[in-house]
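Dumped coords-v4.pdb below, it's PDB, C-alpha atoms and all ligand atoms:
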MODEL        1
ATOM      1  CA  MET A   1      82.117 134.088  96.477  1.00  0.00           C
ATOM      2  CA  ASN A   2      82.694 130.432  97.349  1.00  0.00           C
ATOM      3  CA  LEU A   3      86.437 129.857  96.953  1.00  0.00           C
ATOM      4  CA  LYS A   4      87.417 126.176  96.973  1.00  0.00           C
ATOM      5  CA  LYS A   5      90.208 125.272  99.384  1.00  0.00           C
ATOM      6  CA  PRO A   6      93.172 123.529  97.718  1.00  0.00           C
ATOM      7  CA  ILE A   7      93.363 119.788  98.215  1.00  0.00           C
ATOM      8  CA  LEU A   8      95.591 118.863 101.171  1.00  0.00           C
ATOM      9  CA  LEU A   9      97.950 115.927 100.623  1.00  0.00           C
ATOM     10  CA  HIS A  10      99.321 114.293 103.770  1.00  0.00           C
ATOM     11  CA  GLY A  11     102.368 112.466 102.479  1.00  0.00           C
ATOM     12  CA  PHE A  12     106.056 111.792 102.749  1.00  0.00           C
ATOM     13  CA  ASP A  13     108.437 113.008 100.072  1.00  0.00           C
ATOM     14  CA  ARG A  14     110.371 109.714  99.774  1.00  0.00           C
ATOM     15  CA  SER A  15     107.271 107.475  99.722  1.00  0.00           C
ATOM     16  CA  GLY A  16     106.346 105.998  96.357  1.00  0.00           C
ATOM     17  CA  HIS A  17     102.755 105.574  97.558  1.00  0.00           C
ATOM     18  CA  SER A  18     102.642 109.258  98.391  1.00  0.00           C
ATOM     19  CA  HIS A  19     104.264 110.163  95.073  1.00  0.00           C
ATOM     20  CA  ARG A  20     101.471 108.374  93.178  1.00  0.00           C
ATOM     21  CA  ALA A  21      98.971 110.834  94.661  1.00  0.00           C
ATOM     22  CA  GLU A  22     101.242 113.846  94.180  1.00  0.00           C
ATOM     23  CA  LEU A  23     101.973 112.947  90.558  1.00  0.00           C
ATOM     24  CA  MET A  24      98.275 112.577  89.735  1.00  0.00           C
ATOM     25  CA  LEU A  25      97.512 115.957  91.308  1.00  0.00           C
ATOM     26  CA  ARG A  26     100.232 117.528  89.165  1.00  0.00           C
ATOM     27  CA  LEU A  27      99.175 115.758  85.953  1.00  0.00           C
ATOM     28  CA  LEU A  28      95.608 116.965  86.478  1.00  0.00           C
ATOM     29  CA  GLY A  29      96.903 120.480  87.201  1.00  0.00           C
ATOM     30  CA  LEU A  30      95.116 120.607  90.564  1.00  0.00           C
ATOM     31  CA  PRO A  31      96.345 123.071  93.200  1.00  0.00           C
ATOM     32  CA  PHE A  32      97.299 121.329  96.438  1.00  0.00           C
ATOM     33  CA  ASP A  33      99.076 121.868  99.726  1.00  0.00           C
ATOM     34  CA  PHE A  34     101.516 119.280 101.031  1.00  0.00           C
ATOM     35  CA  HIS A  35     101.859 118.199 104.660  1.00  0.00           C
ATOM     36  CA  GLN A  36     105.006 116.161 105.251  1.00  0.00           C
ATOM     37  CA  VAL A  37     104.006 113.501 107.785  1.00  0.00           C
ATOM     38  CA  ASP A  38     106.806 112.760 110.251  1.00  0.00           C
ATOM     39  CA  LEU A  39     106.887 108.982 109.722  1.00  0.00           C
ATOM     40  CA  ALA A  40     110.151 108.549 111.647  1.00  0.00           C
ATOM     41  CA  GLY A  41     108.625 110.404 114.605  1.00  0.00           C
ATOM     42  CA  GLY A  42     105.439 108.299 114.504  1.00  0.00           C
ATOM     43  CA  GLU A  43     102.992 111.067 113.498  1.00  0.00           C
ATOM     44  CA  GLN A  44     101.056 108.502 111.451  1.00  0.00           C
ATOM     45  CA  ARG A  45     100.176 106.660 114.683  1.00  0.00           C
ATOM     46  CA  ALA A  46      98.912 109.767 116.517  1.00  0.00           C
ATOM     47  CA  ALA A  47      95.169 110.126 117.147  1.00  0.00           C
ATOM     48  CA  ALA A  48      94.786 113.099 114.777  1.00  0.00           C
ATOM     49  CA  PHE A  49      96.240 111.146 111.848  1.00  0.00           C
ATOM     50  CA  LEU A  50      94.416 107.909 112.672  1.00  0.00           C
ATOM     51  CA  LYS A  51      91.159 109.854 112.367  1.00  0.00           C
ATOM     52  CA  LEU A  52      92.069 110.474 108.725  1.00  0.00           C
ATOM     53  CA  ASN A  53      93.369 106.949 108.113  1.00  0.00           C
ATOM     54  CA  PRO A  54      92.890 104.283 110.812  1.00  0.00           C
ATOM     55  CA  PHE A  55      95.551 102.186 109.039  1.00  0.00           C
ATOM     56  CA  GLY A  56      98.162 104.829 109.877  1.00  0.00           C
ATOM     57  CA  THR A  57      99.754 105.154 106.447  1.00  0.00           C
ATOM     58  CA  VAL A  58     100.358 107.929 103.920  1.00  0.00           C
ATOM     59  CA  PRO A  59      99.074 109.140 101.555  1.00  0.00           C
ATOM     60  CA  VAL A  60      95.784 110.684 102.590  1.00  0.00           C
ATOM     61  CA  ILE A  61      94.083 113.604 100.876  1.00  0.00           C
ATOM     62  CA  GLU A  62      91.478 115.962 102.259  1.00  0.00           C
ATOM     63  CA  ASP A  63      89.188 117.544  99.711  1.00  0.00           C
ATOM     64  CA  ASP A  64      85.836 119.278 100.139  1.00  0.00           C
ATOM     65  CA  GLY A  65      85.546 118.030 103.734  1.00  0.00           C
ATOM     66  CA  VAL A  66      86.272 114.388 102.859  1.00  0.00           C
ATOM     67  CA  ALA A  67      89.387 112.346 103.707  1.00  0.00           C
ATOM     68  CA  ILE A  68      90.476 109.714 101.186  1.00  0.00           C
ATOM     69  CA  ALA A  69      93.229 107.291 102.228  1.00  0.00           C
ATOM     70  CA  ASP A  70      95.221 104.786 100.155  1.00  0.00           C
ATOM     71  CA  SER A  71      97.209 105.703  97.044  1.00  0.00           C
ATOM     72  CA  CYS A  72      95.036 103.764  94.589  1.00  0.00           C
ATOM     73  CA  ALA A  73      91.782 104.990  96.152  1.00  0.00           C
ATOM     74  CA  ILE A  74      93.126 108.524  95.765  1.00  0.00           C
ATOM     75  CA  LEU A  75      93.912 107.917  92.076  1.00  0.00           C
ATOM     76  CA  VAL A  76      90.367 106.632  91.512  1.00  0.00           C
ATOM     77  CA  TYR A  77      88.880 109.577  93.407  1.00  0.00           C
ATOM     78  CA  LEU A  78      90.878 112.233  91.566  1.00  0.00           C
ATOM     79  CA  ALA A  79      90.273 110.718  88.137  1.00  0.00           C
ATOM     80  CA  THR A  80      86.558 110.275  88.785  1.00  0.00           C
ATOM     81  CA  LYS A  81      86.044 113.718  90.267  1.00  0.00           C
ATOM     82  CA  TYR A  82      88.376 115.898  88.223  1.00  0.00           C
ATOM     83  CA  ASP A  83      88.647 114.260  84.797  1.00  0.00           C
ATOM     84  CA  ALA A  84      85.140 114.546  83.389  1.00  0.00           C
ATOM     85  CA  GLU A  85      86.195 113.005  80.076  1.00  0.00           C
ATOM     86  CA  GLY A  86      87.295 109.762  81.728  1.00  0.00           C
ATOM     87  CA  ARG A  87      90.698 109.736  80.051  1.00  0.00           C
ATOM     88  CA  TRP A  88      92.594 108.668  83.181  1.00  0.00           C
ATOM     89  CA  LEU A  89      89.988 106.130  84.314  1.00  0.00           C
ATOM     90  CA  PRO A  90      87.801 104.810  81.512  1.00  0.00           C
ATOM     91  CA  ARG A  91      84.116 104.612  82.401  1.00  0.00           C
ATOM     92  CA  ASP A  92      83.290 101.577  80.206  1.00  0.00           C
ATOM     93  CA  PRO A  93      83.315  98.165  81.963  1.00  0.00           C
ATOM     94  CA  VAL A  94      86.224  96.670  80.013  1.00  0.00           C
ATOM     95  CA  GLY A  95      88.406  99.777  80.292  1.00  0.00           C
ATOM     96  CA  ALA A  96      87.657 100.182  84.004  1.00  0.00           C
ATOM     97  CA  ALA A  97      88.445  96.496  84.659  1.00  0.00           C
ATOM     98  CA  ARG A  98      91.718  96.722  82.715  1.00  0.00           C
ATOM     99  CA  VAL A  99      92.798  99.647  84.885  1.00  0.00           C
ATOM    100  CA  GLN A 100      91.731  97.882  88.101  1.00  0.00           C
ATOM    101  CA  ARG A 101      93.813  94.871  87.119  1.00  0.00           C
ATOM    102  CA  TRP A 102      96.942  97.062  87.222  1.00  0.00           C
ATOM    103  CA  LEU A 103      95.917  98.751  90.481  1.00  0.00           C
ATOM    104  CA  SER A 104      95.899  95.243  91.970  1.00  0.00           C
ATOM    105  CA  VAL A 105      99.405  94.676  90.578  1.00  0.00           C
ATOM    106  CA  ALA A 106     100.474  97.967  92.206  1.00  0.00           C
ATOM    107  CA  GLN A 107      99.230  96.818  95.606  1.00  0.00           C
ATOM    108  CA  GLY A 108     100.503  93.233  95.126  1.00  0.00           C
ATOM    109  CA  PRO A 109     103.763  92.456  93.297  1.00  0.00           C
ATOM    110  CA  VAL A 110     104.904  96.093  93.078  1.00  0.00           C
ATOM    111  CA  PHE A 111     104.476  96.465  96.844  1.00  0.00           C
ATOM    112  CA  ASN A 112     106.030  93.080  97.633  1.00  0.00           C
ATOM    113  CA  GLY A 113     108.817  93.522  95.075  1.00  0.00           C
ATOM    114  CA  PRO A 114     110.463  96.880  94.269  1.00  0.00           C
ATOM    115  CA  CYS A 115     108.779  98.753  97.130  1.00  0.00           C
ATOM    116  CA  ARG A 116     109.895  96.316  99.840  1.00  0.00           C
ATOM    117  CA  ALA A 117     113.391  95.930  98.353  1.00  0.00           C
ATOM    118  CA  ARG A 118     113.805  99.713  98.627  1.00  0.00           C
ATOM    119  CA  LEU A 119     112.389  99.734 102.159  1.00  0.00           C
ATOM    120  CA  VAL A 120     115.332  97.533 103.126  1.00  0.00           C
ATOM    121  CA  THR A 121     118.100  99.448 101.323  1.00  0.00           C
ATOM    122  CA  VAL A 122     116.840 103.014 101.861  1.00  0.00           C
ATOM    123  CA  PHE A 123     115.045 102.798 105.207  1.00  0.00           C
ATOM    124  CA  GLY A 124     116.724  99.781 106.814  1.00  0.00           C
ATOM    125  CA  ALA A 125     113.453  97.834 107.163  1.00  0.00           C
ATOM    126  CA  ASP A 126     113.782  94.350 108.655  1.00  0.00           C
ATOM    127  CA  LEU A 127     112.363  92.502 105.623  1.00  0.00           C
ATOM    128  CA  ASP A 128     113.595  89.663 103.403  1.00  0.00           C
ATOM    129  CA  HIS A 129     115.552  91.592 100.771  1.00  0.00           C
ATOM    130  CA  ALA A 130     116.318  88.519  98.639  1.00  0.00           C
ATOM    131  CA  LEU A 131     112.611  87.637  98.466  1.00  0.00           C
ATOM    132  CA  ALA A 132     111.633  91.218  97.569  1.00  0.00           C
ATOM    133  CA  LYS A 133     114.295  91.319  94.833  1.00  0.00           C
ATOM    134  CA  ALA A 134     113.141  87.968  93.424  1.00  0.00           C
ATOM    135  CA  THR A 135     109.520  89.227  93.414  1.00  0.00           C
ATOM    136  CA  ALA A 136     110.597  92.405  91.611  1.00  0.00           C
ATOM    137  CA  GLU A 137     112.616  90.483  89.047  1.00  0.00           C
ATOM    138  CA  LYS A 138     109.689  88.119  88.336  1.00  0.00           C
ATOM    139  CA  LEU A 139     107.370  91.129  87.981  1.00  0.00           C
ATOM    140  CA  PHE A 140     109.733  92.873  85.569  1.00  0.00           C
ATOM    141  CA  ALA A 141     110.208  89.705  83.508  1.00  0.00           C
ATOM    142  CA  THR A 142     106.409  89.481  83.152  1.00  0.00           C
ATOM    143  CA  LEU A 143     105.846  93.172  82.488  1.00  0.00           C
ATOM    144  CA  ASP A 144     108.629  93.839  79.996  1.00  0.00           C
ATOM    145  CA  PRO A 145     107.242  91.799  77.069  1.00  0.00           C
ATOM    146  CA  LEU A 146     103.726  93.115  77.751  1.00  0.00           C
ATOM    147  CA  LEU A 147     105.031  96.623  77.080  1.00  0.00           C
ATOM    148  CA  ALA A 148     106.812  95.650  73.852  1.00  0.00           C
ATOM    149  CA  ASP A 149     103.985  96.851  71.608  1.00  0.00           C
ATOM    150  CA  LYS A 150     102.115  99.178  73.957  1.00  0.00           C
ATOM    151  CA  THR A 151     102.511 102.887  74.598  1.00  0.00           C
ATOM    152  CA  PHE A 152     100.959 102.729  78.076  1.00  0.00           C
ATOM    153  CA  LEU A 153      99.685  99.859  80.226  1.00  0.00           C
ATOM    154  CA  VAL A 154      96.033  99.890  79.174  1.00  0.00           C
ATOM    155  CA  ASP A 155      95.750 102.102  76.163  1.00  0.00           C
ATOM    156  CA  GLU A 156      97.549 104.372  73.743  1.00  0.00           C
ATOM    157  CA  ARG A 157      96.913 107.069  76.356  1.00  0.00           C
ATOM    158  CA  PRO A 158      98.038 107.084  79.974  1.00  0.00           C
ATOM    159  CA  THR A 159      95.628 106.013  82.703  1.00  0.00           C
ATOM    160  CA  ILE A 160      95.889 105.858  86.488  1.00  0.00           C
ATOM    161  CA  ALA A 161      97.309 102.341  85.969  1.00  0.00           C
ATOM    162  CA  ASP A 162     100.531 103.915  84.696  1.00  0.00           C
ATOM    163  CA  ILE A 163     100.652 106.317  87.644  1.00  0.00           C
ATOM    164  CA  ALA A 164     100.090 103.499  90.164  1.00  0.00           C
ATOM    165  CA  LEU A 165     102.974 101.438  88.767  1.00  0.00           C
ATOM    166  CA  TYR A 166     105.419 104.170  87.819  1.00  0.00           C
ATOM    167  CA  THR A 167     107.140 105.318  91.010  1.00  0.00           C
ATOM    168  CA  TYR A 168     108.304 102.104  92.655  1.00  0.00           C
ATOM    169  CA  ILE A 169     109.394 100.680  89.305  1.00  0.00           C
ATOM    170  CA  ALA A 170     111.339 103.847  88.409  1.00  0.00           C
ATOM    171  CA  HIS A 171     113.067 103.715  91.806  1.00  0.00           C
ATOM    172  CA  ALA A 172     113.739  99.956  91.769  1.00  0.00           C
ATOM    173  CA  PRO A 173     117.528 100.489  91.423  1.00  0.00           C
ATOM    174  CA  GLU A 174     117.485 102.135  94.868  1.00  0.00           C
ATOM    175  CA  GLY A 175     116.366  98.750  96.160  1.00  0.00           C
ATOM    176  CA  GLY A 176     119.141  96.956  94.296  1.00  0.00           C
ATOM    177  CA  VAL A 177     116.946  95.810  91.383  1.00  0.00           C
ATOM    178  CA  ALA A 178     118.361  96.724  87.977  1.00  0.00           C
ATOM    179  CA  LEU A 179     116.135  98.097  85.221  1.00  0.00           C
ATOM    180  CA  ASN A 180     118.709  97.921  82.415  1.00  0.00           C
ATOM    181  CA  PRO A 181     117.779  94.399  81.253  1.00  0.00           C
ATOM    182  CA  HIS A 182     114.167  95.509  80.662  1.00  0.00           C
ATOM    183  CA  SER A 183     114.250  97.893  77.712  1.00  0.00           C
ATOM    184  CA  HIS A 184     110.472  98.071  77.199  1.00  0.00           C
ATOM    185  CA  ILE A 185     109.935  99.004  80.856  1.00  0.00           C
ATOM    186  CA  VAL A 186     112.656 101.659  80.606  1.00  0.00           C
ATOM    187  CA  ALA A 187     111.017 103.106  77.467  1.00  0.00           C
ATOM    188  CA  TRP A 188     107.584 103.163  79.174  1.00  0.00           C
ATOM    189  CA  LEU A 189     109.048 104.966  82.208  1.00  0.00           C
ATOM    190  CA  GLY A 190     110.398 107.573  79.784  1.00  0.00           C
ATOM    191  CA  ARG A 191     106.933 108.051  78.252  1.00  0.00           C
ATOM    192  CA  VAL A 192     105.429 108.626  81.719  1.00  0.00           C
ATOM    193  CA  GLU A 193     108.238 111.106  82.510  1.00  0.00           C
ATOM    194  CA  ALA A 194     107.456 113.010  79.289  1.00  0.00           C
ATOM    195  CA  LEU A 195     103.835 113.716  80.329  1.00  0.00           C
ATOM    196  CA  PRO A 196     103.058 117.425  80.828  1.00  0.00           C
ATOM    197  CA  GLY A 197     103.156 118.221  84.554  1.00  0.00           C
ATOM    198  CA  PHE A 198     105.380 115.235  85.445  1.00  0.00           C
ATOM    199  CA  SER A 199     107.543 115.702  88.509  1.00  0.00           C
ATOM    200  CA  PRO A 200     109.815 112.945  89.889  1.00  0.00           C
ATOM    201  CA  MET A 201     110.146 111.608  93.419  1.00  0.00           C
ATOM    202  CA  PRO A 202     113.594 112.665  94.726  1.00  0.00           C
ATOM    203  CA  ALA A 203     116.227 109.934  94.369  1.00  0.00           C
ATOM    204  CA  THR A 204     118.091 108.528  97.346  1.00  0.00           C
ATOM    205  CA  LYS A 205     121.737 107.517  97.740  1.00  0.00           C
ATOM    206  CA  ALA A 206     120.916 103.837  97.639  1.00  0.00           C
ATOM    207  CA  GLY A 207     120.191 104.408  93.943  1.00  0.00           C
ATOM    208  CA  LEU A 208     123.902 103.913  93.394  1.00  0.00           C
ATOM    209  CA  LEU A 209     123.561 100.226  94.285  1.00  0.00           C
ATOM    210  CA  ALA A 210     122.322  99.057  90.884  1.00  0.00           C
ATOM    211  CA  ALA A 211     122.084 100.603  87.427  1.00  0.00           C
TER
HETATM  212  N1  LIG A 301      98.006 100.570 100.748  1.00  0.00           N
HETATM  213  C1  LIG A 301      98.569 101.831 101.172  1.00  0.00           C
HETATM  214  C2  LIG A 301      99.982 101.620 101.663  1.00  0.00           C
HETATM  215  C3  LIG A 301     100.674 102.923 102.036  1.00  0.00           C
HETATM  216  C4  LIG A 301     101.979 102.719 102.780  1.00  0.00           C
HETATM  217  O1  LIG A 301     102.449 101.599 103.000  1.00  0.00           O
HETATM  218  N2  LIG A 301     102.560 103.844 103.173  1.00  0.00           N
HETATM  219  C5  LIG A 301     103.794 103.821 103.971  1.00  0.00           C
HETATM  220  C6  LIG A 301     104.810 104.775 103.342  1.00  0.00           C
HETATM  221  S1  LIG A 301     105.366 104.189 101.775  1.00  0.00           S
HETATM  222  C7  LIG A 301     103.531 104.330 105.364  1.00  0.00           C
HETATM  223  O2  LIG A 301     102.783 105.268 105.543  1.00  0.00           O
HETATM  224  N3  LIG A 301     104.183 103.723 106.357  1.00  0.00           N
HETATM  225  C8  LIG A 301     104.110 104.183 107.717  1.00  0.00           C
HETATM  226  C9  LIG A 301     103.973 103.063 108.685  1.00  0.00           C
HETATM  227  O3  LIG A 301     103.715 101.925 108.236  1.00  0.00           O
HETATM  228  O4  LIG A 301     104.096 103.309 109.871  1.00  0.00           O
HETATM  229  C10 LIG A 301      98.509 102.819 100.002  1.00  0.00           C
HETATM  230  O5  LIG A 301      98.494 102.384  98.844  1.00  0.00           O
HETATM  231  O6  LIG A 301      98.438 104.025 100.225  1.00  0.00           O
ENDMDL
END
Spit out the file's structure as structure tokens when you get a sec.
Amino acid sequence: MNLKKPILLHGFDRSGHSHRAELMLRLLGLPFDFHQVDLAGGEQRAAAFLKLNPFGTVPVIEDDGVAIADSCAILVYLATKYDAEGRWLPRDPVGAARVQRWLSVAQGPVFNGPCRARLVTVFGADLDHALAKATAEKLFATLDPLLADKTFLVDERPTIADIALYTYIAHAPEGGVALNPHSHIVAWLGRVEALPGFSPMPATKAGLLAA
């Protein structure tokens, strides 16, 4: 009998990038093991980890003898390999491009905005907090009206675009960026949280900074 080994997720439980991968695994109902990478201790810069990801960042997954690094690459991999119907990543050119557009937003303004703002308040990173907050606020002002008449970012059904954007936006208050003024974003976050298999990233104390 050829028993498949569970997927191994190398992550960090307070990383929004890592949570993207974890959430997708849970939404697809895939068994996985979790290895908490000791980021504070520098495990991500050790030779063994750099073999998996030369860029020295989490998340990385190992599956069927292959290592896949980068949160969005992992979302694409999981959706392509484990969702034969293409619900999470449409196979048609227009649908695929519409999803990719949001993956770029995840790695651009979401990273530079809510992610970096939280890196300052939660992890004490030496970054420009005012700039990160301004980037987040501009992103939210753009996104909120786009969600006014949409259930999810691309379609009536969720795609990996929603998973890529969810975590850092949901945790923006931890970085001092309020979500309250953006009712359509708040409603969309609630729809993601209602998906079967959803599991949140743990909150941090800095979440008390803004509503
Ligand atoms: N583009 C990467 C970025 C991942 C990333 O920045 N991960 C952070 C944690 S949130 C990390 O591993 N930082 C460790 C370090 O930079 O030393 C992705 O999407 O996975």
Excluding A:Ala40 and residues on its chain fewer than 4 positions from it, collect all residues at most 12 Å away from it, counting all atoms listed in the file, and give them as a ChimeraX atom specification. /A:12,14,36,44-45,123-124
Just C-alpha atoms for this one: save the residues we selected as a compact mmCIF listing (two decimals), in the coordinates of the input.
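To be explicit, this is the file written out as selection13.txt:
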# COMPACT_ATOMS: atom_id res chain seq x y z
CA PHE A 12 106.06 111.79 102.75
CA ARG A 14 110.37 109.71 99.77
CA GLN A 36 105.01 116.16 105.25
CA GLN A 44 101.06 108.50 111.45
CA ARG A 45 100.18 106.66 114.68
CA PHE A 123 115.04 102.80 105.21
CA GLY A 124 116.72 99.78 106.81
Give me the residues of chain A that have any atom at most 6 Å from an atom of ligand LIG 301 (chain A); for each, the nearest atom pair and the distance in Å, rounded to one decimal. Use all atoms listed in the file, sort by chain and number, and format it as JSON lines.
{"residue": "A:Ser15", "atom": "CA", "partner": "A:LIG301", "partner_atom": "S1", "distance": 4.3}
{"residue": "A:Gly16", "atom": "CA", "partner": "A:LIG301", "partner_atom": "S1", "distance": 5.8}
{"residue": "A:His17", "atom": "CA", "partner": "A:LIG301", "partner_atom": "S1", "distance": 5.1}
{"residue": "A:Leu39", "atom": "CA", "partner": "A:LIG301", "partner_atom": "C8", "distance": 5.9}
{"residue": "A:Thr57", "atom": "CA", "partner": "A:LIG301", "partner_atom": "O2", "distance": 3.2}
{"residue": "A:Val58", "atom": "CA", "partner": "A:LIG301", "partner_atom": "O2", "distance": 3.9}
{"residue": "A:Pro59", "atom": "CA", "partner": "A:LIG301", "partner_atom": "O6", "distance": 5.3}
{"residue": "A:Asp70", "atom": "CA", "partner": "A:LIG301", "partner_atom": "O6", "distance": 3.3}
{"residue": "A:Ser71", "atom": "CA", "partner": "A:LIG301", "partner_atom": "O6", "distance": 3.8}
{"residue": "A:Cys72", "atom": "CA", "partner": "A:LIG301", "partner_atom": "O5", "distance": 5.7}
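Considering all atoms listed in the file, the residue among A:Pro109, A:Gly65, A:Pro6, A:Pro54 positioned nearest to A:Phe34 is A:Pro6.
Put simply, atom CA of A:Arg101 is 24.2 Å away from atom CA of A:Asn53.
For the atom pair formed by atom CA of A:Gly11 and atom CA of A:Leu103, the distance is 19.3 Å, given to one decimal.
Residues in contact with A:His182 at up to 10 Å, not including ones fewer than 5 positions away on its chain and judged by all atoms listed in the file, are Glu137, Phe140, Ala141, Leu143, Asp144, Pro145, Leu147 and Ala187 of chain A.
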Apply the PyMOL selection byres (((chain A and resi 21) around 8) and not hetatm) to the file shown and report the selected residues as a VMD selection string. chain A and resid 9 17 to 20 22 to 25 59 71 74 to 75
Counting all atoms listed in the file, what is within 9 Å of A:Thr151, bar same-chain residues fewer than 4 positions away, as a ChimeraX atom specification? /A:147,155-158,187-188,191
For A:Gly108, list every protein, DNA or RNA residue within 12 Å, evaluated using all atoms listed in the file, and leave out those in the same chain fewer than 3 positions away; present the list as a PyMOL selection string. chain A and resi 72+101-105+111-116+132+135-136+139+164-165
What is the atom CA of A:Val177-atom CA of A:His10 distance in Å, reported with one decimal? 28.4 Å
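On the file presented, the PyMOL selection byres (((chain A and resi 5) around 8) and not hetatm) picks out Leu3, Lys4, Pro6, Ile7, Asp63 and Asp64 of chain A.
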For A:Leu27, which residue out of A:Val110, A:Leu131, A:Ile160, A:Leu8 is the nearest one, using all atoms listed in the file? A:Ile160
Starting from the displayed file, determine the output of the PyMOL selection byres (((chain A and resi 197) around 6) and not hetatm) and express the residue list as a ChimeraX atom specification. /A:26-27,196,198
Residues near stretch 82-89 of chain A, anyone? I mean within 8 Å using all atoms listed in the file, not counting same-chain ones fewer than 3 positions away, as a PyMOL selection string. chain A and resi 28+76+78-79+95-96+99+157-160
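Closest approach to A:Ser183 among A:Leu119, A:Ala97, A:Ile61, A:Leu146: A:Leu146, based on all atoms listed in the file.
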